[in-house]
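Data file: data_36.txt. Format and content: compact mmCIF, C-alpha atoms.
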```txt
# COMPACT_ATOMS: atom_id res chain seq x y z
CA MET A 1 2.29 -10.32 -26.33
CA THR A 2 3.82 -13.00 -24.11
CA GLU A 3 2.17 -14.17 -20.91
CA LEU A 4 2.74 -11.60 -18.18
CA THR A 5 3.85 -12.19 -14.60
CA GLN A 6 0.91 -11.73 -12.21
CA ALA A 7 1.92 -13.54 -9.01
CA TRP A 8 4.87 -13.89 -6.66
CA PRO A 9 6.19 -17.44 -6.18
CA ARG A 10 5.43 -19.17 -2.89
CA PRO A 11 8.14 -20.21 -0.45
CA SER A 12 8.85 -23.92 -0.56
CA GLN A 13 8.47 -24.30 3.24
CA PRO A 14 6.43 -21.44 4.72
CA ARG A 15 7.21 -20.39 8.27
CA ALA A 16 4.52 -19.83 10.87
CA ILE A 17 3.13 -16.30 11.13
CA ALA A 18 2.31 -14.39 14.32
CA ILE A 19 -0.09 -11.51 13.73
CA ILE A 20 -0.09 -8.41 15.93
CA GLY A 21 -3.28 -6.47 15.30
CA SER A 22 -6.53 -8.24 14.47
CA GLY A 23 -8.76 -5.62 12.89
CA ALA A 24 -10.62 -5.31 9.61
CA ILE A 25 -7.62 -5.48 7.27
CA VAL A 26 -6.47 -8.73 8.87
CA ARG A 27 -9.93 -10.26 8.49
CA THR A 28 -10.58 -9.09 4.94
CA ALA A 29 -7.11 -9.53 3.43
CA HIS A 30 -4.24 -10.96 5.51
CA LEU A 31 -5.86 -14.08 6.93
CA PRO A 32 -7.89 -15.00 3.82
CA VAL A 33 -4.68 -14.83 1.75
CA TYR A 34 -2.62 -16.82 4.23
CA ARG A 35 -5.32 -19.48 4.42
CA ARG A 36 -5.51 -19.70 0.63
CA LEU A 37 -1.73 -20.03 0.29
CA GLY A 38 -1.43 -22.51 3.12
CA TYR A 39 0.71 -20.27 5.34
CA PRO A 40 0.37 -21.40 8.96
CA VAL A 41 -0.72 -18.78 11.52
CA VAL A 42 0.52 -19.57 15.01
CA GLY A 43 -1.50 -16.91 16.82
CA VAL A 44 -3.02 -13.43 16.86
CA TYR A 45 -2.90 -10.49 19.25
CA ASP A 46 -4.86 -7.28 19.61
CA VAL A 47 -5.04 -4.63 22.33
CA ASN A 48 -8.74 -5.51 22.37
CA CYS A 49 -8.70 -9.15 23.42
CA ALA A 50 -12.31 -9.68 22.34
CA VAL A 51 -11.42 -8.63 18.80
CA ALA A 52 -8.47 -11.01 18.76
CA LYS A 53 -10.64 -13.90 19.96
CA GLU A 54 -13.30 -13.16 17.36
CA THR A 55 -10.73 -12.98 14.57
CA ALA A 56 -9.09 -16.22 15.72
CA ALA A 57 -12.45 -17.99 15.78
CA MET A 58 -13.32 -16.79 12.27
CA PHE A 59 -10.16 -18.37 10.83
CA ASN A 60 -9.60 -21.31 13.17
CA VAL A 61 -6.43 -19.85 14.66
CA ASP A 62 -5.67 -21.87 17.80
CA ARG A 63 -3.83 -19.29 19.87
CA VAL A 64 -4.74 -15.82 21.08
CA PHE A 65 -1.88 -13.95 22.74
CA HIS A 66 -3.03 -12.23 25.91
CA SER A 67 -0.23 -9.66 25.99
CA LEU A 68 2.16 -8.00 23.59
CA ASP A 69 5.07 -9.52 25.51
CA GLU A 70 3.63 -12.99 24.93
CA ALA A 71 3.18 -12.29 21.22
CA CYS A 72 6.73 -10.96 20.87
CA ALA A 73 8.39 -13.91 22.62
CA LEU A 74 8.42 -16.36 19.70
CA ASP A 75 11.59 -17.27 17.83
CA GLY A 76 11.61 -18.48 14.24
CA VAL A 77 8.23 -17.05 13.21
CA ILE A 78 7.38 -14.30 10.74
CA TYR A 79 5.75 -11.34 12.46
CA ASP A 80 2.90 -9.54 10.70
CA LEU A 81 2.36 -6.10 12.26
CA ALA A 82 -1.12 -4.95 11.24
CA VAL A 83 -1.18 -1.86 13.46
CA PRO A 84 -1.32 1.91 12.87
CA GLY A 85 1.92 3.61 11.89
CA ASP A 86 2.47 5.23 15.29
CA GLN A 87 2.69 1.81 16.99
CA ILE A 88 5.23 0.13 14.72
CA LEU A 89 8.44 1.46 16.24
CA GLY A 90 7.66 0.34 19.78
CA ILE A 91 6.77 -3.19 18.66
CA LEU A 92 9.90 -3.59 16.50
CA GLN A 93 12.02 -2.87 19.56
CA ARG A 94 10.43 -5.84 21.36
CA LEU A 95 10.71 -8.50 18.66
CA PRO A 96 13.38 -11.21 18.89
CA ARG A 97 16.63 -10.16 17.21
CA GLY A 98 16.85 -11.33 13.62
CA SER A 99 13.11 -11.90 13.18
CA GLY A 100 11.37 -11.63 9.84
CA VAL A 101 8.69 -8.94 10.01
CA LEU A 102 6.10 -7.47 7.66
CA MET A 103 4.77 -4.14 8.89
CA GLN A 104 1.64 -2.29 7.77
CA LYS A 105 1.97 1.05 6.02
CA PRO A 106 2.60 3.84 6.70
CA MET A 107 6.10 3.23 7.98
CA GLY A 108 5.64 5.44 11.01
CA ARG A 109 3.90 8.79 11.36
CA ASP A 110 6.39 10.79 9.31
CA LEU A 111 9.79 10.64 7.66
CA ALA A 112 11.69 11.14 10.91
CA GLU A 113 9.97 8.12 12.45
CA ALA A 114 10.49 6.10 9.25
CA ARG A 115 14.21 6.78 9.49
CA ARG A 116 14.21 5.66 13.12
CA ILE A 117 12.39 2.48 12.09
CA CYS A 118 15.18 1.82 9.58
CA GLU A 119 17.76 2.29 12.32
CA VAL A 120 15.99 -0.14 14.67
CA VAL A 121 15.59 -2.71 11.90
CA HIS A 122 19.33 -2.64 11.18
CA GLU A 123 20.34 -2.49 14.86
CA ARG A 124 18.22 -5.56 15.66
CA GLU A 125 19.12 -7.35 12.41
CA LEU A 126 15.48 -7.73 11.45
CA VAL A 127 14.49 -8.88 7.98
CA ALA A 128 11.80 -6.26 7.54
CA ALA A 129 9.43 -5.27 4.75
CA VAL A 130 6.52 -2.85 4.50
CA ASN A 131 3.15 -4.08 3.24
CA LEU A 132 2.88 -1.74 0.26
CA GLN A 133 0.92 -4.36 -1.57
CA LEU A 134 -0.41 -2.45 -4.60
CA ARG A 135 2.88 -2.98 -6.43
CA PHE A 136 2.31 -6.74 -5.91
CA SER A 137 -1.23 -6.76 -7.35
CA PRO A 138 -1.74 -8.85 -10.50
CA GLY A 139 -2.22 -5.77 -12.68
CA MET A 140 0.83 -3.92 -11.38
CA LEU A 141 3.05 -7.01 -11.68
CA ALA A 142 1.83 -7.43 -15.25
CA LEU A 143 2.45 -3.74 -15.97
CA ARG A 144 5.99 -3.96 -14.60
CA ASP A 145 6.59 -6.99 -16.82
CA LEU A 146 5.30 -5.06 -19.86
CA ILE A 147 7.63 -2.17 -19.12
CA ASP A 148 10.61 -4.45 -18.53
CA GLN A 149 9.94 -6.15 -21.88
CA GLY A 150 9.93 -2.78 -23.64
CA VAL A 151 6.38 -3.21 -24.96
CA LEU A 152 5.37 0.34 -23.94
CA GLY A 153 8.67 1.98 -24.82
CA ALA A 154 9.92 4.82 -22.65
CA LEU A 155 7.30 6.08 -20.18
CA VAL A 156 6.09 9.61 -20.87
CA ASP A 157 2.75 10.00 -19.02
CA ILE A 158 1.30 8.57 -15.79
CA ASP A 159 -2.16 9.47 -14.48
CA VAL A 160 -3.91 8.19 -11.36
CA ARG A 161 -7.55 9.19 -10.92
CA ILE A 162 -9.38 8.20 -7.72
CA VAL A 163 -12.90 9.64 -7.37
CA ILE A 164 -14.66 7.58 -4.71
CA ASP A 165 -16.62 7.71 -1.46
CA GLN A 166 -14.15 6.22 0.99
CA PRO A 167 -15.79 4.66 4.08
CA TRP A 168 -13.56 6.53 6.53
CA HIS A 169 -15.81 5.48 9.43
CA ASN A 170 -14.27 1.99 9.20
CA TRP A 171 -11.00 3.34 10.62
CA THR A 172 -11.83 5.35 13.72
CA PHE A 173 -8.15 5.43 14.74
CA LEU A 174 -7.61 7.96 11.93
CA GLU A 175 -9.71 10.59 13.67
CA GLY A 176 -7.41 13.32 14.84
CA ALA A 177 -4.40 12.05 12.87
CA PRO A 178 -2.34 15.08 11.79
CA ARG A 179 -1.79 13.53 8.36
CA LEU A 180 -4.29 11.15 6.85
CA GLU A 181 -5.10 10.77 3.17
CA VAL A 182 -1.62 10.46 1.70
CA PRO A 183 0.13 8.26 4.33
CA TYR A 184 -2.86 5.99 4.97
CA HIS A 185 -4.21 5.59 1.45
CA SER A 186 -2.62 7.39 -1.49
CA ILE A 187 0.81 6.22 -0.37
CA HIS A 188 -0.05 3.10 -2.36
CA TYR A 189 -0.30 5.01 -5.64
CA ILE A 190 2.91 6.93 -4.97
CA ASP A 191 4.71 3.68 -4.17
CA ALA A 192 3.29 1.91 -7.23
CA ILE A 193 4.46 4.76 -9.46
CA ARG A 194 7.94 4.57 -7.91
CA SER A 195 8.00 0.86 -8.72
CA ILE A 196 7.59 1.50 -12.45
CA ALA A 197 9.07 4.98 -12.98
CA GLY A 198 11.79 5.32 -10.36
CA GLU A 199 12.45 8.28 -8.11
CA PRO A 200 10.88 11.68 -8.86
CA GLU A 201 12.93 14.85 -8.53
CA GLY A 202 10.29 16.60 -6.44
CA VAL A 203 6.58 16.95 -5.73
CA TYR A 204 3.79 19.50 -5.83
CA CYS A 205 0.82 18.82 -3.58
CA ARG A 206 -2.29 20.33 -2.04
CA ALA A 207 -4.10 18.23 0.56
CA VAL A 208 -7.42 19.45 1.96
CA SER A 209 -10.13 18.38 4.38
CA HIS A 210 -13.88 18.04 3.74
CA PRO A 211 -16.52 20.11 5.57
CA GLU A 212 -18.64 17.02 6.28
CA LEU A 213 -15.73 15.26 8.01
CA PRO A 214 -14.42 17.77 10.57
CA ARG A 215 -12.58 15.11 12.60
CA LEU A 216 -10.48 14.00 9.63
CA ARG A 217 -7.53 16.23 8.79
CA ASP A 218 -7.32 15.65 5.01
CA THR A 219 -9.27 13.38 2.69
CA ARG A 220 -8.50 14.84 -0.75
CA SER A 221 -5.36 15.86 -2.58
CA SER A 222 -3.89 16.81 -5.92
CA ILE A 223 -0.32 15.64 -6.47
CA ILE A 224 2.20 16.13 -9.25
CA LEU A 225 5.36 14.02 -9.13
CA ASP A 226 8.13 15.91 -10.91
CA TYR A 227 10.17 13.71 -13.22
CA GLY A 228 11.53 16.69 -15.13
CA GLU A 229 11.01 16.57 -18.88
CA ARG A 230 11.01 12.76 -18.84
CA ILE A 231 7.51 11.98 -17.50
CA ARG A 232 4.37 14.00 -16.76
CA CYS A 233 2.82 12.44 -13.67
CA SER A 234 -0.44 13.54 -12.04
CA LEU A 235 -2.60 12.11 -9.24
CA VAL A 236 -6.21 13.27 -8.67
CA LEU A 237 -7.36 11.90 -5.31
CA ASN A 238 -10.92 12.64 -4.15
CA HIS A 239 -12.04 10.28 -1.41
CA THR A 240 -15.26 12.17 -0.61
CA HIS A 241 -17.21 11.98 -3.87
CA ARG A 242 -20.83 12.25 -2.63
CA ALA A 243 -22.71 12.18 -5.94
CA GLY A 244 -23.44 8.46 -6.10
CA PRO A 245 -21.63 5.63 -7.87
CA ARG A 246 -22.24 6.60 -11.49
CA TYR A 247 -19.07 8.61 -12.03
CA ARG A 248 -16.75 7.01 -9.50
CA GLU A 249 -13.33 6.24 -10.89
CA SER A 250 -10.34 4.23 -9.74
CA LEU A 251 -7.72 3.92 -12.42
CA LEU A 252 -4.13 4.21 -13.58
CA LEU A 253 -3.25 5.24 -17.14
CA VAL A 254 0.35 4.81 -18.29
CA GLU A 255 1.55 5.95 -21.70
CA GLY A 256 4.88 5.22 -23.35
CA THR A 257 6.50 6.01 -26.67
CA LEU A 258 5.34 2.65 -28.12
CA GLY A 259 2.11 1.86 -26.28
CA ALA A 260 -0.10 2.42 -23.27
CA ALA A 261 -1.80 0.54 -20.44
CA ARG A 262 -4.94 1.22 -18.43
CA LEU A 263 -5.62 -0.45 -15.08
CA THR A 264 -8.67 -0.17 -12.82
CA TRP A 265 -8.83 -1.06 -9.12
CA GLY A 266 -12.32 -2.23 -8.23
CA VAL A 267 -11.92 -2.30 -4.46
CA ASN A 268 -12.06 1.49 -4.27
CA LEU A 269 -15.45 1.63 -5.98
CA SER A 270 -17.21 -0.34 -3.23
CA TYR A 271 -14.82 -1.20 -0.40
CA PRO A 272 -13.93 -3.95 0.37
CA CYS A 273 -15.86 -5.99 -2.22
CA GLY A 274 -15.87 -3.92 -5.39
CA PRO A 275 -15.77 -5.20 -8.97
CA ASP A 276 -12.76 -7.05 -10.35
CA ASP A 277 -9.68 -5.15 -11.42
CA THR A 278 -9.21 -4.75 -15.17
CA MET A 279 -6.28 -4.17 -17.50
CA GLU A 280 -6.08 -3.09 -21.13
CA VAL A 281 -2.97 -2.58 -23.24
CA PHE A 282 -2.60 -0.44 -26.38
CA SER A 283 -0.08 -1.74 -28.90
CA ASP A 284 -0.05 -2.21 -32.66
CA GLU A 285 -2.76 0.46 -32.99
CA ALA A 286 -5.36 -1.40 -30.91
CA TRP A 287 -6.54 -1.72 -27.29
CA ARG A 288 -6.68 -5.30 -26.03
CA PRO A 289 -7.86 -6.65 -22.65
CA VAL A 290 -5.41 -8.53 -20.47
CA PRO A 291 -7.12 -11.17 -18.29
CA LEU A 292 -6.07 -10.81 -14.66
CA ARG A 293 -5.82 -13.68 -12.19
CA GLY A 294 -7.20 -11.48 -9.41
CA SER A 295 -7.32 -7.98 -7.98
CA TRP A 296 -5.46 -5.66 -5.63
CA PHE A 297 -7.83 -6.89 -2.90
CA ILE A 298 -6.95 -9.48 -2.02
CA GLU A 299 -4.36 -11.03 -4.34
CA GLY A 300 -2.03 -8.06 -3.87
CA PHE A 301 -1.49 -9.22 -0.29
CA GLU A 302 0.12 -12.47 -1.46
CA GLY A 303 3.35 -10.90 -2.68
CA PRO A 304 4.70 -9.01 0.35
CA MET A 305 4.47 -12.03 2.67
CA SER A 306 5.65 -14.48 0.00
CA ASN A 307 8.67 -12.32 -0.87
CA LEU A 308 9.55 -11.91 2.82
CA GLN A 309 9.22 -15.63 3.49
CA ARG A 310 11.42 -16.45 0.51
CA VAL A 311 14.11 -13.97 1.56
CA VAL A 312 14.18 -15.45 5.07
CA ALA A 313 14.50 -18.91 3.50
CA GLY A 314 17.21 -17.79 1.05
CA GLU A 315 14.96 -18.36 -1.99
CA ASP A 316 14.73 -14.66 -2.99
CA GLN A 317 17.79 -12.45 -3.07
CA ALA A 318 16.14 -9.22 -1.90
CA LEU A 319 13.03 -7.70 -0.37
CA VAL A 320 11.02 -5.75 -2.92
CA SER A 321 9.45 -3.48 -0.29
CA SER A 322 12.25 -3.41 2.27
CA VAL A 323 12.34 -0.64 4.87
CA ASP A 324 15.23 0.90 2.94
CA ASP A 325 13.03 1.13 -0.13
CA ALA A 326 9.85 2.11 1.71
CA VAL A 327 11.57 5.05 3.40
CA LYS A 328 11.90 6.57 -0.09
CA THR A 329 8.11 6.42 -0.46
CA MET A 330 7.80 8.01 2.99
CA ALA A 331 10.13 10.79 1.84
CA ILE A 332 7.69 11.60 -0.99
CA VAL A 333 4.79 11.59 1.49
CA GLU A 334 6.74 14.02 3.67
CA ALA A 335 7.42 16.25 0.67
CA CYS A 336 3.71 16.22 -0.21
CA TYR A 337 2.78 17.76 3.13
CA GLU A 338 5.64 20.25 3.04
CA SER A 339 4.46 21.35 -0.40
CA SER A 340 0.84 21.56 0.77
CA GLU A 341 1.79 23.71 3.75
CA ARG A 342 3.85 26.14 1.68
CA GLY A 343 0.88 26.89 -0.57
CA ALA A 344 0.69 28.11 -4.13
CA ILE A 345 2.49 30.99 -5.79
CA PRO A 346 0.30 34.08 -5.23
CA ILE A 347 -1.18 35.56 -8.38
CA PRO A 348 -0.13 39.21 -8.87
CA SER A 349 -2.88 41.51 -7.67
CA ASP A 350 -2.35 43.82 -10.62
CA PRO A 351 -1.39 41.65 -13.60
CA ALA A 352 -1.83 44.49 -16.12
```
Can you give me the file's structure in the form of structure tokens?
Amino acid sequence: MTELTQAWPRPSQPRAIAIIGSGAIVRTAHLPVYRRLGYPVVGVYDVNCAVAKETAAMFNVDRVFHSLDEACALDGVIYDLAVPGDQILGILQRLPRGSGVLMQKPMGRDLAEARRICEVVHERELVAAVNLQLRFSPGMLALRDLIDQGVLGALVDIDVRIVIDQPWHNWTFLEGAPRLEVPYHSIHYIDAIRSIAGEPEGVYCRAVSHPELPRLRDTRSSIILDYGERIRCSLVLNHTHRAGPRYRESLLLVEGTLGAARLTWGVNLSYPCGPDDTMEVFSDEAWRPVPLRGSWFIEGFEGPMSNLQRVVAGEDQALVSSVDDAVKTMAIVEACYESSERGAIPIPSDPA
């Protein structure tokens, strides 16, 4: 097996980044990655100025923007929008025309808002991508390379199994959200599957809440992506596993006609500092480990910004997670909730 791609190339001359939103994800992933890659950060903004100042101090960022207007007044920078989905549209409308922008997922609250985001991006000539970073993680990049090389053959089975105790209390803004688990977390798995298997024909889904978390709309789901007879694809997503760490799981299993691959994502097992990701590949009648250069958290955050920077500089031809691509992931999320609301086929009361 040849050496597999596990990283996105850096831009030759990175542009300065202005970050809007300075919460936990910026501190644990965005800023550590930008510092490691040598990407300059010109300033940070948050609706809570104290949070912005604290974040800036932690990473030696010189400037704290004191208003959104001040943050959105810079030309020639890359904007990193690390805000909830319901805030993205309003900020995009205030950015300088033609700006490069990386926005946090989900791409709006629902499909209708995602479509409006696409319209605004094109109207304002923004170079805009969505930070669906799982597809950029070392393991997923390596898996895509394996598939492209034909090592696994034609894909026939895809399983995602997430059985974890998600620390939902870290994200208080999710309380009261009408849709939660799929757009704010499992969207990553749906998007990653799209990146290797293409577009499904439809979806079956049931999303449910948990009795111990009455302020959270849904924290668990079962999803089947319908690829017809070509691929069987199932996602088991339990983010409220309360029985201790022994049987927690966070994995992707992909099987093809010639081989198989198994990936684990350690961050889910103990967020945000879980064990390292792992990858194993089955070919020539044996399972073999594939050493990974890093994990979803935080190496997966390198790719979206690097790809965006390179597109702005003319070094990459296209955005991998452009808004026009991400809206397709949002369409699957929308279909998940439509399916969940419709419910199952009733079982005949008198089957005899």
(request) Pick out the closest residue to Pro304 (chain A) from this set: A:Ser209, A:Ser270, A:Ser99, A:Asn131. Count only C-alpha atoms. (result) A:Asn131
Using all atoms listed in the file, which residues sit within 12 Å of Trp171 (chain A) once same-chain residues fewer than 5 positions away are excluded, as a PDB file with C-alpha atoms, in the coordinates of the input?
```pdb
ATOM      1  CA  GLY A  23      -8.760  -5.620  12.890  1.00  0.00           C
ATOM      2  CA  ALA A  24     -10.620  -5.310   9.610  1.00  0.00           C
ATOM      3  CA  ILE A  25      -7.620  -5.480   7.270  1.00  0.00           C
ATOM      4  CA  VAL A  83      -1.180  -1.860  13.460  1.00  0.00           C
ATOM      5  CA  PRO A  84      -1.320   1.910  12.870  1.00  0.00           C
ATOM      6  CA  GLN A 166     -14.150   6.220   0.990  1.00  0.00           C
ATOM      7  CA  GLY A 176      -7.410  13.320  14.840  1.00  0.00           C
ATOM      8  CA  ALA A 177      -4.400  12.050  12.870  1.00  0.00           C
ATOM      9  CA  LEU A 180      -4.290  11.150   6.850  1.00  0.00           C
ATOM     10  CA  TYR A 184      -2.860   5.990   4.970  1.00  0.00           C
ATOM     11  CA  HIS A 185      -4.210   5.590   1.450  1.00  0.00           C
ATOM     12  CA  LEU A 216     -10.480  14.000   9.630  1.00  0.00           C
TER      13      LEU A 216
END
```
May I have a table of the residues of region 79-171 of chain A lying at most 10 Å from region 276-296 of chain A, giving each one's closest pair of atoms and their distance in Å to one decimal, counting all atoms listed in the file, ordered by chain and ascending residue number, as a tab-separated table?
```
residue	atom	partner	partner_atom	distance
A:Gln133	CA	A:Trp296	CA	7.7
A:Leu134	CA	A:Trp296	CA	6.1
A:Arg135	CA	A:Trp296	CA	8.8
A:Phe136	CA	A:Trp296	CA	7.8
A:Ser137	CA	A:Trp296	CA	4.7
A:Pro138	CA	A:Gly294	CA	6.2
A:Gly139	CA	A:Met279	CA	6.5
A:Met140	CA	A:Trp296	CA	8.7
A:Ala142	CA	A:Leu292	CA	8.6
A:Leu143	CA	A:Met279	CA	8.9
A:Leu146	CA	A:Val281	CA	9.3
A:Val151	CA	A:Ser283	CA	7.7
A:Leu152	CA	A:Ser283	CA	7.7
```
Only C-alpha atoms, please: the residues just picked out, written as a compact mmCIF listing (two decimals), in the frame of the given file.
```txt
# COMPACT_ATOMS: atom_id res chain seq x y z
CA GLN A 133 0.92 -4.36 -1.57
CA LEU A 134 -0.41 -2.45 -4.60
CA ARG A 135 2.88 -2.98 -6.43
CA PHE A 136 2.31 -6.74 -5.91
CA SER A 137 -1.23 -6.76 -7.35
CA PRO A 138 -1.74 -8.85 -10.50
CA GLY A 139 -2.22 -5.77 -12.68
CA MET A 140 0.83 -3.92 -11.38
CA ALA A 142 1.83 -7.43 -15.25
CA LEU A 143 2.45 -3.74 -15.97
CA LEU A 146 5.30 -5.06 -19.86
CA VAL A 151 6.38 -3.21 -24.96
CA LEU A 152 5.37 0.34 -23.94
```
(message) Please list as an NGL selection string every residue within 10 Å of Arg242 (chain A), counting only C-alpha atoms and excluding residues in the same chain fewer than 5 positions away.
(response) :A and (163-166 or 248)
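Distances to Ile19 (chain A) were evaluated for A:Leu258, A:Ala71, A:Leu95, A:Val327 using only C-alpha atoms, and the minimum falls at A:Ala71.
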(message) From the options A:Leu31, A:Thr2, A:Asp159, A:Thr172, which residue's atoms come nearest to Ile193 (chain A), counting all atoms listed in the file?
(response)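 Checking each of A:Leu31, A:Thr2, A:Asp159, A:Thr172 against Ile193 (chain A), counting all atoms listed in the file, the winner is A:Asp159.
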(message) With distances taken over all atoms listed in the file, which residue among A:Pro245, A:Asp157, A:Val208, A:Phe173 lies nearest Tyr227 (chain A)?
(response)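 Nearest to Tyr227 (chain A): A:Asp157.
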(request) Pick out the closest residue to Glu302 (chain A) from this set: A:Ala73, A:Leu141, A:Ala318, A:Val64. Count all atoms listed in the file. (result)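 The shortest atom-to-atom distance to Glu302 (chain A) comes from A:Leu141.
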(message) Report, in Å to a single decimal, how far apart CA of Ser306 (chain A) and CA of Arg36 (chain A) are.
(response) 12.3 Å
